[in-house]
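Notes for the one structure printed next.
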Amino acid sequence: MKIADVQPYLLAIPIKEKDFPAPWVWGNFNQVVVAITTDEGMTGFGEAFGYFAPHAVFSVIKHLLKPMLMGADSTSISALMDRMQRQTHFLGRSGITLFALSGVDIALWDLAAKCAGLPLYRLLGGAEAQKVPAYASLVKYKDMEHLRAAARHAIHSGYDLIKLHQTDVESMAVARKAAGEKIRITLDVNCAWDPRQALDMARQLAPYGLYWLEEPIWPPEDFRSLAQLGRMGGIPIAAGENAQTVHPFREMFESRAVTYAQPSVIKVGGISEWRKVAALAEAHNVRVNPHSPYFGPGLLATAHLVASSPVADWVEYLYVTLEASVFKQAPQFERGFFCLPPGPGLGLEVDMDVIREYCVAS
């Protein structure tokens, strides 16, 4: 099948506060969705990371990648991704260009599974169950009462692992008290500390039984310091959402920097590159707990990958509610699990009325 059109959509969907406070520092939730249509009328959908610079990611897809894809065989995913990476490497091997490539790759895999008439996870090797474990990833809170309310809501909803995005010990104490001892808690500080500060904080956090400490060190590619922190701090380390393509992960694993690798399918290079990371992680005896705080095709792609990978554990569920879903039936989370959609491809039908209503660029 030949590619007849590549159409990106930049969406801005508000977050609504429903049962608990959910502040979002960036206002609307931006999503960059890409649709690839073949000459036979089939369309696959992907998603590219676009939190901070969505217009730039949108432009790369529309003006740089689309001309490379037009008329190409949509089933030649490996060849297409290799060619696009080679032809864009002069712009850098990470960042906005890789975000855009990720969205294209996901759309091509959605197309491939639809052509096969299979849910993506079956095309990738199958799954043991029709649902996969999920954890509640809380936004960052300034108000401790709001943090406590969100944590309790997640626990009462059936999640036995919650993630905080705080950078202080007080927040950890509040969450642990609200959760009790049986609930697993992780902490993502988004590269807040230098190695010395990270070790000091790890020692202060030790009494609270963190399941993992995520991205504790700036810069994120300082794998040597991450490895040292893991040895000396006594808390398992998780990282990888900022690593793009499989190559940084190889260095990460060889340095023994992490217990948990966190490739993000909409940043790392799509499904194709995510699978390379998972295979490498398996060879190094590292578990994969992917970064997936998004709501569109990237979330579905992550769930299919977790379901079909022997080394992946959870789907990350950003614990907020959007005003609308890009799918006609919103993805289903039930009592700490993500329910795999049974339809072909990514499994859920995109709602073009929602796309048009919340689209700010196309």
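Just remember, in the structure tokens the first chain shown is A, the second B, etc., residues are 1-based per chain, and ligands are 1-based in the order shown.
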
Self-check item: Residue set, segment 37-234 of chain A restricted to helix (DSSP H, G or I), as an NGL selection string
Solution: :A and (54-69 or 77-91 or 96-116 or 120-123 or 144-156 or 169-179 or 195-208 or 223-233)

List as JSON lines every residue of segment 223-254 of chain A that is in contact with segment 168-186 of chain A, defined as an atom at most 12 Å from one of its atoms (using only C-alpha atoms), together with the nearest atom pair and the distance in Å rounded to one decimal, sorted by chain and then rising number.
```
{"residue": "A:Ile235", "atom": "CA", "partner": "A:Thr186", "partner_atom": "CA", "distance": 10.1}
{"residue": "A:Pro236", "atom": "CA", "partner": "A:Thr186", "partner_atom": "CA", "distance": 9.8}
{"residue": "A:Ile237", "atom": "CA", "partner": "A:Thr186", "partner_atom": "CA", "distance": 9.9}
{"residue": "A:Ala238", "atom": "CA", "partner": "A:Thr186", "partner_atom": "CA", "distance": 9.4}
```

Selected residues written out, N, CA and C atoms, as a compact mmCIF listing (two decimals), in the first residue's frame:
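Result written to out03.txt:
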```
# COMPACT_ATOMS: atom_id res chain seq x y z
N ILE A 235 18.09 2.94 46.97
CA ILE A 235 16.78 2.98 46.34
C ILE A 235 16.95 2.62 44.86
N PRO A 236 16.14 1.70 44.31
CA PRO A 236 16.24 1.39 42.88
C PRO A 236 16.05 2.64 42.03
N ILE A 237 16.81 2.74 40.95
CA ILE A 237 16.77 3.91 40.09
C ILE A 237 16.01 3.59 38.80
N ALA A 238 15.19 4.54 38.38
CA ALA A 238 14.47 4.45 37.11
C ALA A 238 14.80 5.67 36.26
```

Mind dumping a table of every segment 149-206 of chain A residue within 9 Å of segment 313-319 of chain A, with the nearest atom pair and its distance in Å to one decimal, using only C-alpha atoms, sorted by chain and rising number, as a tab-separated table?
```
residue	atom	partner	partner_atom	distance
A:Ala150	CA	A:Tyr319	CA	8.4
A:Ala154	CA	A:Tyr319	CA	8.0
A:Lys163	CA	A:Glu316	CA	8.9
```

Quiz item: Near Asn30 of chain A, within 8 Å and counting only C-alpha atoms, which residues show up once chain neighbours fewer than 5 positions away are dropped, as a list in words?
Solution: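 In the requested format, the answer is Leu10, Leu11, Ala12, Ile13, Gly50, Tyr51 and Pro54 of chain A.
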
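When the distance limit is 9 Å and only C-alpha atoms are what count, the residues near Ile155 of chain A, minus those fewer than 3 positions from it on the same chain, are Ala136, Ala150, Ala151, Arg152, Gly158, Tyr159, Asp160, Leu161, Ile162, Ala179, Ile183 and Gly336 of chain A.
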
Take the residues just selected and output them with C-alpha atoms as a compact mmCIF listing (two decimals), in the first residue's frame.
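File again.txt, as written:
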```txt
# COMPACT_ATOMS: atom_id res chain seq x y z
CA ALA A 136 -1.49 6.32 38.92
CA ALA A 150 -5.30 12.73 44.95
CA ALA A 151 -3.34 9.87 46.53
CA ARG A 152 -6.38 8.62 48.42
CA GLY A 158 -7.73 0.30 42.98
CA TYR A 159 -4.17 1.41 42.19
CA ASP A 160 -1.51 -0.28 44.29
CA LEU A 161 1.32 1.82 42.87
CA ILE A 162 1.30 5.60 42.69
CA ALA A 179 -1.28 5.36 51.38
CA ILE A 183 0.90 0.72 48.59
CA GLY A 336 -5.47 -0.63 38.65
```

Practice problem: Mind the document's chain letters and residue numbers, and return as a VMD selection string the residues of segment 138-218 of chain A that DSSP labels strand (DSSP E or B). | Solution: chain A and resid 161 to 164 184 to 188 193 212 to 214 217

Pull N, CA and C atoms from the residues just selected and write them as an mmCIF file, in the first residue's frame.
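Final file, part23.cif:
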```cif
data_model
loop_
_atom_site.group_PDB
_atom_site.id
_atom_site.type_symbol
_atom_site.label_atom_id
_atom_site.label_comp_id
_atom_site.auth_asym_id
_atom_site.auth_seq_id
_atom_site.Cartn_x
_atom_site.Cartn_y
_atom_site.Cartn_z
ATOM 1 N N LEU A 161 0.071 1.092 43.062
ATOM 2 C CA LEU A 161 1.323 1.816 42.867
ATOM 3 C C LEU A 161 0.968 3.221 42.409
ATOM 4 N N ILE A 162 1.515 4.217 43.099
ATOM 5 C CA ILE A 162 1.296 5.597 42.692
ATOM 6 C C ILE A 162 2.643 6.299 42.564
ATOM 7 N N LYS A 163 2.694 7.253 41.643
ATOM 8 C CA LYS A 163 3.914 8.031 41.429
ATOM 9 C C LYS A 163 3.675 9.481 41.849
ATOM 10 N N LEU A 164 4.639 10.024 42.554
ATOM 11 C CA LEU A 164 4.632 11.439 42.905
ATOM 12 C C LEU A 164 5.589 12.192 41.990
ATOM 13 N N ARG A 184 2.687 0.704 46.957
ATOM 14 C CA ARG A 184 4.001 1.076 46.438
ATOM 15 C C ARG A 184 3.973 2.523 45.959
ATOM 16 N N ILE A 185 5.023 3.265 46.278
ATOM 17 C CA ILE A 185 5.135 4.667 45.873
ATOM 18 C C ILE A 185 6.459 4.874 45.155
ATOM 19 N N THR A 186 6.404 5.573 44.028
ATOM 20 C CA THR A 186 7.618 5.971 43.333
ATOM 21 C C THR A 186 7.672 7.496 43.311
ATOM 22 N N LEU A 187 8.859 8.024 43.059
ATOM 23 C CA LEU A 187 9.057 9.469 43.069
ATOM 24 C C LEU A 187 9.850 9.880 41.841
ATOM 25 N N ASP A 188 9.251 10.754 41.039
ATOM 26 C CA ASP A 188 9.901 11.292 39.841
ATOM 27 C C ASP A 188 10.210 12.758 40.093
ATOM 28 N N TRP A 193 18.345 17.278 40.811
ATOM 29 C CA TRP A 193 19.482 17.407 41.705
ATOM 30 C C TRP A 193 20.805 17.080 41.027
ATOM 31 N N TRP A 212 10.854 3.037 43.498
ATOM 32 C CA TRP A 212 11.980 3.525 42.696
ATOM 33 C C TRP A 212 12.062 5.037 42.809
ATOM 34 N N LEU A 213 13.252 5.561 42.548
ATOM 35 C CA LEU A 213 13.520 6.987 42.467
ATOM 36 C C LEU A 213 13.827 7.294 41.009
ATOM 37 N N GLU A 214 13.019 8.190 40.423
ATOM 38 C CA GLU A 214 13.056 8.394 38.967
ATOM 39 C C GLU A 214 13.753 9.693 38.591
ATOM 40 N N ILE A 217 18.962 12.794 38.798
ATOM 41 C CA ILE A 217 20.204 13.550 38.570
ATOM 42 C C ILE A 217 20.165 14.349 37.274
#
```

Quiz prompt | Contact residues around segment 108-113 of chain A with only C-alpha atoms at 7 Å, ignoring same-chain residues under 2 positions, as a list of chain:residue names | solution =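 Close residues of segment 108-113 of chain A: A:Thr43, A:Gly44, A:Phe45, A:Ser74, A:Thr75, A:Ile77, A:Val104, A:Asp105, A:Ile106, A:Cys115, A:Ala116, A:Gly117, A:Leu118, A:Pro119, A:Leu120, A:Leu123, A:Pro344, A:Gly345, A:Leu346.
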
Quiz item: Residues at most 8 Å from segment 227-229 of chain A, counting only C-alpha atoms, excluding those fewer than 5 positions away in the same chain, as an NGL selection string?
Solution: :A and (195 or 198-199 or 234 or 255-258)

Since we have the selection now, will you write its residues out, keeping C-alpha atoms, as a short mmCIF file (atom, residue, chain, number, x, y, z; two decimals), in the first residue's frame?
```cif
data_model
loop_
_atom_site.label_atom_id
_atom_site.label_comp_id
_atom_site.auth_asym_id
_atom_site.auth_seq_id
_atom_site.Cartn_x
_atom_site.Cartn_y
_atom_site.Cartn_z
CA PRO A 195 24.83 13.87 42.31
CA ALA A 198 20.63 13.29 45.01
CA LEU A 199 22.56 11.10 47.45
CA GLY A 234 19.75 2.17 48.59
CA SER A 255 26.88 1.34 33.22
CA ARG A 256 24.33 -0.52 35.39
CA ALA A 257 22.69 2.83 35.95
CA VAL A 258 19.08 1.69 36.32
#
```

Exercise. Excluding segment 5-7 of chain A and residues on its chain fewer than 5 positions from it, collect all residues at most 6 Å away from it, counting only C-alpha atoms, and give them as a VMD selection string.
Key: chain A and resid 34 to 37 66
